[in-house]
Every structure is written in C-alpha cells, then in structure tokens.
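Peer 1: run_0.pdb is the file, holding PDB, C-alpha atoms, pLDDT in the B column:
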ATOM      1  CA  MET A   1      25.729 -16.792  11.787  1.00 49.00           C
ATOM      2  CA  TRP A   2      22.777 -14.763  10.607  1.00 48.00           C
ATOM      3  CA  PHE A   3      20.638 -16.077   7.777  1.00 44.00           C
ATOM      4  CA  GLY A   4      19.636 -13.523   5.165  1.00 39.00           C
ATOM      5  CA  CYS A   5      16.219 -15.120   5.001  1.00 37.00           C
ATOM      6  CA  ALA A   6      14.366 -17.584   7.187  1.00 40.00           C
ATOM      7  CA  GLY A   7      13.382 -19.802   4.279  1.00 40.00           C
ATOM      8  CA  LYS A   8      11.684 -18.435   1.171  1.00 38.00           C
ATOM      9  CA  LYS A   9       8.270 -19.723   2.257  1.00 40.00           C
ATOM     10  CA  TYR A  10       8.359 -17.481   5.334  1.00 38.00           C
ATOM     11  CA  LYS A  11       8.408 -13.720   5.722  1.00 40.00           C
ATOM     12  CA  GLN A  12      11.914 -12.360   5.744  1.00 43.00           C
ATOM     13  CA  THR A  13      12.395 -10.788   9.153  1.00 52.00           C
ATOM     14  CA  PHE A  14      15.801  -9.191   9.026  1.00 59.00           C
ATOM     15  CA  GLU A  15      18.702  -8.940   6.665  1.00 58.00           C
ATOM     16  CA  ALA A  16      22.153 -10.023   7.751  1.00 51.00           C
ATOM     17  CA  ARG A  17      23.475  -6.569   6.963  1.00 51.00           C
ATOM     18  CA  ASP A  18      21.253  -5.194   9.737  1.00 71.00           C
ATOM     19  CA  ILE A  19      23.208  -7.155  12.365  1.00 83.00           C
ATOM     20  CA  ASP A  20      26.705  -5.740  12.571  1.00 85.00           C
ATOM     21  CA  ASN A  21      27.074  -6.375  16.306  1.00 90.00           C
ATOM     22  CA  TRP A  22      25.127  -8.194  18.972  1.00 91.00           C
ATOM     23  CA  VAL A  23      25.294  -9.085  22.649  1.00 93.00           C
ATOM     24  CA  CYS A  24      24.067 -11.847  24.948  1.00 93.00           C
ATOM     25  CA  VAL A  25      23.224 -10.577  28.467  1.00 94.00           C
ATOM     26  CA  TYR A  26      21.613 -12.631  31.233  1.00 94.00           C
ATOM     27  CA  ASN A  27      21.612  -9.920  33.896  1.00 93.00           C
ATOM     28  CA  GLU A  28      18.561  -7.911  34.891  1.00 95.00           C
ATOM     29  CA  ASN A  29      20.801  -5.126  36.164  1.00 95.00           C
ATOM     30  CA  ALA A  30      22.645  -4.624  32.893  1.00 95.00           C
ATOM     31  CA  SER A  31      22.807  -1.086  31.548  1.00 96.00           C
ATOM     32  CA  THR A  32      20.073  -0.340  29.039  1.00 96.00           C
ATOM     33  CA  GLU A  33      22.213   2.425  27.565  1.00 96.00           C
ATOM     34  CA  ALA A  34      24.998  -0.074  26.919  1.00 96.00           C
ATOM     35  CA  ILE A  35      22.600  -2.562  25.324  1.00 97.00           C
ATOM     36  CA  LYS A  36      21.299   0.142  22.988  1.00 96.00           C
ATOM     37  CA  ASN A  37      24.715   0.220  21.332  1.00 95.00           C
ATOM     38  CA  PHE A  38      24.031  -3.189  19.775  1.00 95.00           C
ATOM     39  CA  ASP A  39      21.870  -4.122  16.800  1.00 94.00           C
ATOM     40  CA  LEU A  40      20.553  -7.213  18.586  1.00 95.00           C
ATOM     41  CA  ALA A  41      20.458  -8.343  22.211  1.00 96.00           C
ATOM     42  CA  VAL A  42      19.648 -11.775  23.617  1.00 97.00           C
ATOM     43  CA  LEU A  43      18.230 -11.327  27.125  1.00 98.00           C
ATOM     44  CA  ASP A  44      16.898 -13.682  29.772  1.00 97.00           C
ATOM     45  CA  ALA A  45      13.135 -13.668  29.268  1.00 97.00           C
ATOM     46  CA  ASP A  46      12.461 -13.706  33.024  1.00 96.00           C
ATOM     47  CA  ALA A  47      15.282 -11.530  34.377  1.00 94.00           C
ATOM     48  CA  HIS A  48      16.136  -8.634  32.112  1.00 96.00           C
ATOM     49  CA  PRO A  49      16.612  -4.872  32.129  1.00 95.00           C
ATOM     50  CA  ASP A  50      13.633  -2.593  31.524  1.00 95.00           C
ATOM     51  CA  LEU A  51      12.320  -3.473  28.067  1.00 96.00           C
ATOM     52  CA  ASP A  52      10.376  -0.223  27.827  1.00 94.00           C
ATOM     53  CA  ALA A  53      13.691   1.628  28.031  1.00 94.00           C
ATOM     54  CA  LEU A  54      14.962  -0.443  25.118  1.00 95.00           C
ATOM     55  CA  LYS A  55      11.935  -0.495  22.834  1.00 89.00           C
ATOM     56  CA  ASN A  56      12.589   2.949  21.376  1.00 86.00           C
ATOM     57  CA  SER A  57      16.076   1.986  20.242  1.00 92.00           C
ATOM     58  CA  ARG A  58      17.397   0.226  17.155  1.00 91.00           C
ATOM     59  CA  THR A  59      18.122  -2.894  19.181  1.00 95.00           C
ATOM     60  CA  ILE A  60      16.227  -6.069  18.273  1.00 95.00           C
ATOM     61  CA  LEU A  61      15.253  -7.769  21.538  1.00 97.00           C
ATOM     62  CA  ILE A  62      15.388 -11.556  21.701  1.00 97.00           C
ATOM     63  CA  GLY A  63      14.076 -13.527  24.690  1.00 98.00           C
ATOM     64  CA  TYR A  64      15.767 -16.679  25.949  1.00 98.00           C
ATOM     65  CA  VAL A  65      13.849 -19.960  26.059  1.00 98.00           C
ATOM     66  CA  SER A  66      15.314 -23.407  26.783  1.00 98.00           C
ATOM     67  CA  LEU A  67      13.816 -26.296  24.813  1.00 98.00           C
ATOM     68  CA  GLY A  68      15.624 -29.369  26.149  1.00 98.00           C
ATOM     69  CA  GLU A  69      16.245 -28.443  29.783  1.00 98.00           C
ATOM     70  CA  VAL A  70      14.467 -26.293  32.365  1.00 98.00           C
ATOM     71  CA  GLY A  71      15.545 -24.853  35.697  1.00 97.00           C
ATOM     72  CA  ASP A  72      13.177 -25.068  38.652  1.00 97.00           C
ATOM     73  CA  TYR A  73      13.412 -21.280  39.081  1.00 95.00           C
ATOM     74  CA  ARG A  74      11.372 -20.556  35.941  1.00 97.00           C
ATOM     75  CA  TRP A  75       7.878 -19.111  36.419  1.00 97.00           C
ATOM     76  CA  PHE A  76       6.273 -22.044  34.623  1.00 98.00           C
ATOM     77  CA  TRP A  77       8.051 -24.744  36.634  1.00 98.00           C
ATOM     78  CA  PRO A  78       4.976 -25.476  38.827  1.00 98.00           C
ATOM     79  CA  GLN A  79       3.097 -26.420  35.651  1.00 98.00           C
ATOM     80  CA  MET A  80       5.633 -29.125  34.792  1.00 98.00           C
ATOM     81  CA  ALA A  81       7.102 -30.287  38.102  1.00 97.00           C
ATOM     82  CA  GLY A  82       6.480 -33.991  38.654  1.00 97.00           C
ATOM     83  CA  LYS A  83       5.334 -34.639  35.090  1.00 98.00           C
ATOM     84  CA  PRO A  84       6.598 -37.917  33.567  1.00 98.00           C
ATOM     85  CA  TRP A  85       8.244 -35.975  30.744  1.00 98.00           C
ATOM     86  CA  VAL A  86      10.479 -34.093  33.187  1.00 98.00           C
ATOM     87  CA  LEU A  87      13.526 -36.327  33.375  1.00 98.00           C
ATOM     88  CA  ASP A  88      16.665 -36.541  35.503  1.00 97.00           C
ATOM     89  CA  LYS A  89      18.711 -33.573  36.604  1.00 96.00           C
ATOM     90  CA  ASN A  90      21.645 -32.158  34.667  1.00 92.00           C
ATOM     91  CA  THR A  91      23.856 -31.395  37.645  1.00 88.00           C
ATOM     92  CA  ASN A  92      26.325 -29.511  35.447  1.00 82.00           C
ATOM     93  CA  TRP A  93      23.828 -26.724  34.853  1.00 76.00           C
ATOM     94  CA  ASN A  94      21.386 -27.322  37.738  1.00 90.00           C
ATOM     95  CA  SER A  95      18.523 -27.950  35.327  1.00 95.00           C
ATOM     96  CA  TYR A  96      16.229 -30.837  34.426  1.00 98.00           C
ATOM     97  CA  PHE A  97      16.207 -32.643  31.098  1.00 98.00           C
ATOM     98  CA  VAL A  98      12.869 -32.526  29.312  1.00 98.00           C
ATOM     99  CA  ASP A  99      11.539 -35.228  27.009  1.00 98.00           C
ATOM    100  CA  VAL A 100      11.041 -33.050  23.970  1.00 98.00           C
ATOM    101  CA  ARG A 101       8.806 -35.719  22.445  1.00 98.00           C
ATOM    102  CA  ALA A 102       6.035 -34.923  24.958  1.00 98.00           C
ATOM    103  CA  PRO A 103       3.018 -33.117  23.427  1.00 98.00           C
ATOM    104  CA  GLU A 104       2.386 -31.445  26.798  1.00 98.00           C
ATOM    105  CA  TRP A 105       5.777 -29.743  26.615  1.00 98.00           C
ATOM    106  CA  HIS A 106       5.064 -28.522  23.105  1.00 98.00           C
ATOM    107  CA  GLU A 107       1.723 -27.108  24.240  1.00 98.00           C
ATOM    108  CA  LEU A 108       3.262 -25.329  27.228  1.00 98.00           C
ATOM    109  CA  LEU A 109       5.901 -23.729  25.034  1.00 98.00           C
ATOM    110  CA  LEU A 110       3.608 -22.767  22.161  1.00 98.00           C
ATOM    111  CA  ASP A 111       0.541 -21.728  24.124  1.00 98.00           C
ATOM    112  CA  LYS A 112       2.036 -20.077  27.208  1.00 98.00           C
ATOM    113  CA  ILE A 113       5.806 -19.622  27.403  1.00 98.00           C
ATOM    114  CA  ILE A 114       6.525 -18.122  23.982  1.00 98.00           C
ATOM    115  CA  PRO A 115       3.362 -15.967  23.879  1.00 98.00           C
ATOM    116  CA  LYS A 116       4.326 -14.481  27.252  1.00 98.00           C
ATOM    117  CA  ILE A 117       7.838 -13.681  26.003  1.00 98.00           C
ATOM    118  CA  LEU A 118       6.396 -11.870  23.009  1.00 98.00           C
ATOM    119  CA  ALA A 119       3.692 -10.126  25.066  1.00 97.00           C
ATOM    120  CA  ASP A 120       6.372  -8.828  27.406  1.00 97.00           C
ATOM    121  CA  GLY A 121       7.883  -6.905  24.487  1.00 96.00           C
ATOM    122  CA  PHE A 122      10.476  -9.150  22.894  1.00 97.00           C
ATOM    123  CA  ASP A 123      10.828  -9.236  19.108  1.00 96.00           C
ATOM    124  CA  GLY A 124      11.712 -12.919  18.971  1.00 97.00           C
ATOM    125  CA  ILE A 125      13.081 -15.934  20.779  1.00 98.00           C
ATOM    126  CA  PHE A 126      16.488 -17.501  21.364  1.00 97.00           C
ATOM    127  CA  LEU A 127      16.322 -21.312  21.429  1.00 98.00           C
ATOM    128  CA  ASP A 128      18.809 -22.835  23.840  1.00 97.00           C
ATOM    129  CA  THR A 129      19.570 -26.522  24.617  1.00 97.00           C
ATOM    130  CA  VAL A 130      18.587 -27.651  21.127  1.00 97.00           C
ATOM    131  CA  ASP A 131      21.511 -30.099  21.353  1.00 96.00           C
ATOM    132  CA  THR A 132      19.890 -31.827  24.319  1.00 97.00           C
ATOM    133  CA  ALA A 133      17.698 -33.807  21.928  1.00 98.00           C
ATOM    134  CA  GLU A 134      20.780 -35.415  20.385  1.00 97.00           C
ATOM    135  CA  TYR A 135      22.168 -36.169  23.847  1.00 96.00           C
ATOM    136  CA  LEU A 136      18.958 -37.845  25.003  1.00 97.00           C
ATOM    137  CA  GLU A 137      18.644 -39.894  21.847  1.00 98.00           C
ATOM    138  CA  LYS A 138      22.268 -41.015  21.510  1.00 97.00           C
ATOM    139  CA  TYR A 139      24.358 -40.405  24.607  1.00 95.00           C
ATOM    140  CA  HIS A 140      22.268 -40.465  27.776  1.00 96.00           C
ATOM    141  CA  PRO A 141      24.071 -42.992  29.996  1.00 93.00           C
ATOM    142  CA  VAL A 142      20.966 -44.579  31.567  1.00 94.00           C
ATOM    143  CA  LYS A 143      18.158 -44.431  29.028  1.00 96.00           C
ATOM    144  CA  LYS A 144      17.931 -43.471  25.359  1.00 97.00           C
ATOM    145  CA  TYR A 145      15.012 -41.520  23.914  1.00 98.00           C
ATOM    146  CA  PRO A 146      14.572 -42.493  20.249  1.00 98.00           C
ATOM    147  CA  GLY A 147      12.902 -39.842  18.137  1.00 98.00           C
ATOM    148  CA  ALA A 148      14.015 -36.941  20.318  1.00 98.00           C
ATOM    149  CA  GLN A 149      15.789 -35.184  17.452  1.00 98.00           C
ATOM    150  CA  ALA A 150      12.834 -35.563  15.109  1.00 98.00           C
ATOM    151  CA  ALA A 151      10.592 -34.148  17.836  1.00 98.00           C
ATOM    152  CA  MET A 152      12.915 -31.154  18.251  1.00 98.00           C
ATOM    153  CA  VAL A 153      12.795 -30.510  14.515  1.00 98.00           C
ATOM    154  CA  GLN A 154       9.005 -30.673  14.539  1.00 98.00           C
ATOM    155  CA  LEU A 155       8.772 -28.385  17.562  1.00 98.00           C
ATOM    156  CA  ILE A 156      10.909 -25.689  15.938  1.00 98.00           C
ATOM    157  CA  HIS A 157       9.035 -26.049  12.657  1.00 98.00           C
ATOM    158  CA  THR A 158       5.727 -25.625  14.482  1.00 98.00           C
ATOM    159  CA  MET A 159       7.098 -22.515  16.213  1.00 98.00           C
ATOM    160  CA  ARG A 160       7.786 -20.934  12.857  1.00 97.00           C
ATOM    161  CA  LEU A 161       4.336 -21.815  11.586  1.00 98.00           C
ATOM    162  CA  ARG A 162       2.689 -20.497  14.757  1.00 98.00           C
ATOM    163  CA  PHE A 163       4.779 -17.315  14.898  1.00 98.00           C
ATOM    164  CA  PRO A 164       5.688 -16.527  11.272  1.00 96.00           C
ATOM    165  CA  ASP A 165       6.794 -12.930  11.778  1.00 95.00           C
ATOM    166  CA  ILE A 166       9.075 -13.149  14.809  1.00 97.00           C
ATOM    167  CA  HIS A 167      12.834 -13.593  14.907  1.00 95.00           C
ATOM    168  CA  ILE A 168      13.942 -17.123  15.787  1.00 96.00           C
ATOM    169  CA  ILE A 169      17.605 -17.761  16.614  1.00 95.00           C
ATOM    170  CA  ALA A 170      19.006 -21.117  17.720  1.00 95.00           C
ATOM    171  CA  ASN A 171      22.017 -21.933  19.835  1.00 93.00           C
ATOM    172  CA  ARG A 172      23.972 -24.610  17.969  1.00 89.00           C
ATOM    173  CA  GLY A 173      21.806 -27.629  17.162  1.00 92.00           C
ATOM    174  CA  PHE A 174      24.479 -28.907  14.802  1.00 87.00           C
ATOM    175  CA  ALA A 175      23.036 -32.429  14.477  1.00 91.00           C
ATOM    176  CA  ILE A 176      19.713 -31.133  13.105  1.00 94.00           C
ATOM    177  CA  LEU A 177      20.815 -27.754  11.763  1.00 89.00           C
ATOM    178  CA  GLU A 178      20.135 -28.486   8.117  1.00 86.00           C
ATOM    179  CA  GLN A 179      16.626 -29.648   9.017  1.00 93.00           C
ATOM    180  CA  ILE A 180      15.739 -26.532  11.008  1.00 94.00           C
ATOM    181  CA  ALA A 181      17.718 -23.860   9.146  1.00 89.00           C
ATOM    182  CA  ALA A 182      14.779 -22.810   6.981  1.00 89.00           C
ATOM    183  CA  ASP A 183      12.810 -22.031  10.144  1.00 94.00           C
ATOM    184  CA  LEU A 184      15.535 -19.837  11.638  1.00 92.00           C
ATOM    185  CA  ASP A 185      16.783 -16.304  11.203  1.00 90.00           C
ATOM    186  CA  GLY A 186      20.181 -17.160  12.596  1.00 88.00           C
ATOM    187  CA  VAL A 187      22.402 -19.427  14.627  1.00 87.00           C
ATOM    188  CA  VAL A 188      24.646 -18.603  17.565  1.00 86.00           C
ATOM    189  CA  ALA A 189      27.352 -21.223  18.017  1.00 81.00           C
ATOM    190  CA  GLU A 190      28.935 -21.294  21.445  1.00 79.00           C
ATOM    191  CA  SER A 191      31.784 -23.639  22.375  1.00 76.00           C
ATOM    192  CA  VAL A 192      33.317 -23.586  18.918  1.00 77.00           C
ATOM    193  CA  PHE A 193      36.920 -23.207  20.109  1.00 79.00           C
ATOM    194  CA  THR A 194      36.601 -23.589  23.885  1.00 80.00           C
ATOM    195  CA  THR A 195      34.224 -25.373  26.235  1.00 76.00           C
ATOM    196  CA  VAL A 196      33.541 -25.916  29.926  1.00 70.00           C
ATOM    197  CA  ASP A 197      35.381 -28.925  31.360  1.00 72.00           C
ATOM    198  CA  PHE A 198      33.086 -30.224  34.096  1.00 63.00           C
ATOM    199  CA  GLU A 199      35.560 -32.978  34.946  1.00 73.00           C
ATOM    200  CA  ASN A 200      38.104 -30.312  35.854  1.00 74.00           C
ATOM    201  CA  GLU A 201      36.199 -28.082  38.284  1.00 70.00           C
ATOM    202  CA  GLY A 202      34.269 -26.373  35.502  1.00 70.00           C
ATOM    203  CA  LYS A 203      37.337 -24.703  34.040  1.00 78.00           C
ATOM    204  CA  MET A 204      37.506 -23.748  30.386  1.00 79.00           C
ATOM    205  CA  ARG A 205      39.556 -25.842  27.974  1.00 85.00           C
ATOM    206  CA  MET A 206      40.526 -25.490  24.344  1.00 85.00           C
ATOM    207  CA  LEU A 207      38.864 -27.948  22.005  1.00 82.00           C
ATOM    208  CA  ARG A 208      41.090 -30.343  20.122  1.00 88.00           C
ATOM    209  CA  THR A 209      41.852 -29.411  16.525  1.00 92.00           C
ATOM    210  CA  GLU A 210      39.543 -32.083  15.135  1.00 92.00           C
ATOM    211  CA  GLU A 211      36.722 -30.897  17.405  1.00 87.00           C
ATOM    212  CA  TYR A 212      36.724 -27.237  16.437  1.00 84.00           C
ATOM    213  CA  THR A 213      37.402 -28.109  12.798  1.00 91.00           C
ATOM    214  CA  ALA A 214      34.240 -30.225  12.778  1.00 87.00           C
ATOM    215  CA  ASN A 215      32.291 -27.332  14.321  1.00 82.00           C
ATOM    216  CA  LEU A 216      33.489 -24.899  11.685  1.00 86.00           C
ATOM    217  CA  GLN A 217      32.774 -27.336   8.867  1.00 86.00           C
ATOM    218  CA  ARG A 218      29.186 -27.738  10.053  1.00 80.00           C
ATOM    219  CA  LEU A 219      28.668 -23.978  10.161  1.00 80.00           C
ATOM    220  CA  ILE A 220      30.255 -23.416   6.767  1.00 83.00           C
ATOM    221  CA  SER A 221      28.150 -26.188   5.227  1.00 81.00           C
ATOM    222  CA  VAL A 222      24.918 -24.605   6.405  1.00 75.00           C
ATOM    223  CA  LYS A 223      26.159 -21.125   5.492  1.00 77.00           C
ATOM    224  CA  ASN A 224      26.791 -22.236   1.911  1.00 80.00           C
ATOM    225  CA  LYS A 225      23.556 -24.192   1.589  1.00 76.00           C
ATOM    226  CA  PHE A 226      21.258 -21.512   2.953  1.00 70.00           C
ATOM    227  CA  LYS A 227      23.222 -18.482   1.757  1.00 61.00           C
ATOM    228  CA  SER A 228      23.617 -17.297   5.314  1.00 51.00           C
ATOM    229  CA  TYR A 229      26.035 -14.689   6.603  1.00 43.00           C
ATOM    230  CA  LEU A 230      28.662 -14.643   9.296  1.00 37.00           C
ATOM    231  CA  THR A 231      29.043 -11.774  11.717  1.00 39.00           C
ATOM    232  CA  GLY A 232      31.667 -11.054  14.326  1.00 34.00           C
TER
END
Mind converting the file's structure to structure tokens?
Peer 2:
Amino acid sequence: MWFGCAGKKYKQTFEARDIDNWVCVYNENASTEAIKNFDLAVLDADAHPDLDALKNSRTILIGYVSLGEVGDYRWFWPQMAGKPWVLDKNTNWNSYFVDVRAPEWHELLLDKIIPKILADGFDGIFLDTVDTAEYLEKYHPVKKYPGAQAAMVQLIHTMRLRFPDIHIIANRGFAILEQIAADLDGVVAESVFTTVDFENEGKMRMLRTEEYTANLQRLISVKNKFKSYLTG
C-alpha cells in the first residue's frame, strides 16, 4: 500500500503512480541489473548489492532498519549489548527484543543508525518489527511493557520530523497504523494470507478466514482514510 502523500504537513516524496512494481531483497549478492527493473527496492542496510551501481537507475533505494528487535550481527550491536533496554531473545528470529520506550534507543536510531543508512546512499528507510511494540505491551508472556505502542508512535513521528524529505515505509504496524500513517509514504503488509508456523517446524500455514479478513479490513480502512493506493 503506497500513500499518495505522507501527510499534508510534510513534503510529498513520491506519488503512488510512480510505484508500479517493487522488490524486497536481503541478499548482498543479488543482481543489480535485476533490481534496476523495479521502481523501488527494499535492501538490507548492512548487506546489499553495490549501491553505486544502482544510483543511476530509476529505482528508489530503501534501507532496512528494525525498530523493535535487533540481531547481534548488526554493526551497532556493541553500542547496545548489555543495556537494560535490550530485553530477552526472540528465538524464532534469533534477535533481541528492544524496549522501544528507552530514550537511548531513540537516540541511537536517530543520531547514528538512520543517518548512516542515508549517508550510504539510500533514499529512505524501511521500518520493520513495528508490531513488536504491541507484543511487548499486550502479549509478552513474562512481563508487559505499558506505553510501548505510544513510544513507537512517537519514535516514528520524530523520524519524520528529523528527516522530512526521505521515504519512510513501514512493515505492518496494524495496531498503530492510523496514528503513524501521516508520517509514512507507504505500508508493506506481510503475512496477510499466510504466516510462519513456529510451532510446526517453521512451516508456512494459511491464515484462518477471520484472520486474513481482519488484516484486509485494517488495510482498507487506512487506505480510505488517507487516500492511499494499493499496488501489486
């Protein structure tokens, strides 16, 4: 879902009609010539094909950044390892939950991580694990983190204020989508019809009718409210 405008109070960064096709590639060995065939590409910010080979193409380059979880293989991990706001491990994805309420995490993202992504040559950022805030606040089996969703909303809002002219795309974030939509250029919604079943050896499973219907209803609601556009 690509929004035609990232909120009227912000500079419009791209029109939905400019994005007819897009690709998500987390492989540093991917073909740059193949990526050039797409209007937009989401790439891993730390392990990606040669950006210089892509800059002279029509492809908008978006760098991946995870807001609610971090793997210990990221370049900035030494700056956060052992901090009290680094929580327990998500064994499903081999990453660590992050208390998104922590000001130190906001500062690391806004002052170092995102500026490096942009300095490396990306045109914007792809926000993953936005849904983790809802999980920590409502569903974490050991400890709940009240205010996590509000902190995620504030973090994304601050990103838009700090970087008004970049492209910002979120992965899902259904629970807070209406609150952050004005700060976004678009939304990618994975696991709408299928999802990974970690209780069954990580195999894929179809969502139940009521599950995928709820997903579609959320997307359609935001689409109608913010006059956004759907793309294949």
Peer 1: Pull out every residue that the PyMOL selection byres ((chain A and resi 85-90) around 10) matches in the shown coordinates and put them as a list in words.
Peer 2: Gly68, Glu69, Val70, Gly71, Met80, Ala81, Gly82, Lys83, Pro84, Thr91, Asn92, Trp93, Asn94, Ser95, Tyr96, Phe97, Val98, Asp99, Val100, Arg101, Ala102, Pro103, Glu104, Trp105 and Val142 of chain A
Peer 1: Nearest to Glu211 in chain A among A:Ser191, A:Val196, A:Thr158, A:Pro115, with distances taken over all atoms listed in the file: which residue is it?
Peer 2: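 Of A:Ser191, A:Val196, A:Thr158, A:Pro115, the one nearest Glu211 in chain A is A:Ser191, counting all atoms listed in the file.
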Peer 1: Pull out every residue that the PyMOL selection byres ((chain A and resi 42-44) around 7) matches in the shown coordinates and put them as a ChimeraX atom specification.
Peer 2: /A:23-26,40-41,45-48,61-64,126
Peer 1: If the PyMOL selection byres ((chain A and resi 134-138) around 10) is run on the structure shown, which residues does it catch, given as a VMD selection string?
Peer 2: chain A and resid 68 97 to 100 129 to 133 139 to 150 152 173 to 176
Peer 1: Could you tell me how far CA of Arg160 in chain A lies from CA of Leu219 in chain A, in Å and to one decimal?
Peer 2: 21.3 Å
Peer 1: Counting only C-alpha atoms, which residues come within 9 Å of (11.7, -23.5, 16.3), with the point read in the file's coordinates, and could you list them as a list in words?
Peer 2: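 Those within range, by chain then number, are Ile125, Leu127, Met152, Val153, Gln154, Leu155, Ile156, His157, Thr158, Met159, Arg160, Leu161, Ile168, Ile169, Ala170, Ile180, Asp183 and Leu184 of chain A.
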Peer 1: Kindly export the residues of the current selection with C-alpha atoms, as a PDB file, in the coordinates of the input.
Peer 2:
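As written to disk, again01.pdb reads:
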ATOM      1  CA  ILE A 125      13.081 -15.934  20.779  1.00 98.00           C
ATOM      2  CA  LEU A 127      16.322 -21.312  21.429  1.00 98.00           C
ATOM      3  CA  MET A 152      12.915 -31.154  18.251  1.00 98.00           C
ATOM      4  CA  VAL A 153      12.795 -30.510  14.515  1.00 98.00           C
ATOM      5  CA  GLN A 154       9.005 -30.673  14.539  1.00 98.00           C
ATOM      6  CA  LEU A 155       8.772 -28.385  17.562  1.00 98.00           C
ATOM      7  CA  ILE A 156      10.909 -25.689  15.938  1.00 98.00           C
ATOM      8  CA  HIS A 157       9.035 -26.049  12.657  1.00 98.00           C
ATOM      9  CA  THR A 158       5.727 -25.625  14.482  1.00 98.00           C
ATOM     10  CA  MET A 159       7.098 -22.515  16.213  1.00 98.00           C
ATOM     11  CA  ARG A 160       7.786 -20.934  12.857  1.00 97.00           C
ATOM     12  CA  LEU A 161       4.336 -21.815  11.586  1.00 98.00           C
ATOM     13  CA  ILE A 168      13.942 -17.123  15.787  1.00 96.00           C
ATOM     14  CA  ILE A 169      17.605 -17.761  16.614  1.00 95.00           C
ATOM     15  CA  ALA A 170      19.006 -21.117  17.720  1.00 95.00           C
ATOM     16  CA  ILE A 180      15.739 -26.532  11.008  1.00 94.00           C
ATOM     17  CA  ASP A 183      12.810 -22.031  10.144  1.00 94.00           C
ATOM     18  CA  LEU A 184      15.535 -19.837  11.638  1.00 92.00           C
TER      19      LEU A 184
END
Peer 1: Let me make sure I understand: among A:Arg162, A:Glu190, A:Thr195, A:Phe226, which one has the smallest atom-to-atom distance to Leu177 in chain A if we use all atoms listed in the file?
Peer 2: A:Phe226
Peer 1: Output as a tab-separated table one row per residue of range 40-72 of chain A within 8 Å of range 29-34 of chain A: the closest atom pair and its distance in Å to one decimal place, counting only C-alpha atoms, sorted by chain and residue number ascending.
Peer 2:
residue	atom	partner	partner_atom	distance
A:His48	CA	A:Asn29	CA	7.1
A:Pro49	CA	A:Asn29	CA	5.8
A:Asp50	CA	A:Thr32	CA	7.3
A:Ala53	CA	A:Thr32	CA	6.8
A:Leu54	CA	A:Thr32	CA	6.4
Peer 1: Taking only C-alpha atoms into account, name the residue in A:Ser66, A:Asn200, A:Asn215, A:Ser221 that is nearest to Ile114 in chain A.
Peer 2: A:Ser66
Peer 1: Which residue, A:Asp185, A:Asp18, A:Asp111, A:Asp39, has the smallest gap to Ile166 in chain A when you use all atoms listed in the file?
Peer 2: A:Asp185
Peer 1: Restricting the calculation to only C-alpha atoms: of A:Val192, A:Gly202, A:Pro164, A:Asp197, which residue gets closest to Arg218 in chain A?
Peer 2: A:Val192
Peer 1: Which residue out of A:Asp52, A:Asn224, A:Phe76, A:Gly186 has the minimum interatomic distance to Leu108 in chain A when all atoms listed in the file are used?
Peer 2: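 Of the candidates, the smallest distance to Leu108 in chain A is held by A:Phe76.
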Peer 1: Rounded to one decimal, what separation in Å do you get between CA of Ile19 in chain A and CA of Leu109 in chain A?
Peer 2: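 Answer for the CA of Ile19 in chain A to CA of Leu109 in chain A separation: 27.1 Å.
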Peer 1: Could you check how far CA of Phe193 in chain A sits from CA of Trp22 in chain A, in Å to one decimal?
Peer 2: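 So the answer is 19.1 Å.
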Peer 1: Let me know the centre plus edge lengths, in Å and rounded to one decimal, of a box with edges along x, y and z that contains all listed atoms of range 21-39 of chain A and is padded by 4 Å on every side, as JSON.
Peer 2:
{"center_x": 22.8, "center_y": -5.1, "center_z": 26.2, "size_x": 16.5, "size_y": 23.1, "size_z": 27.9}
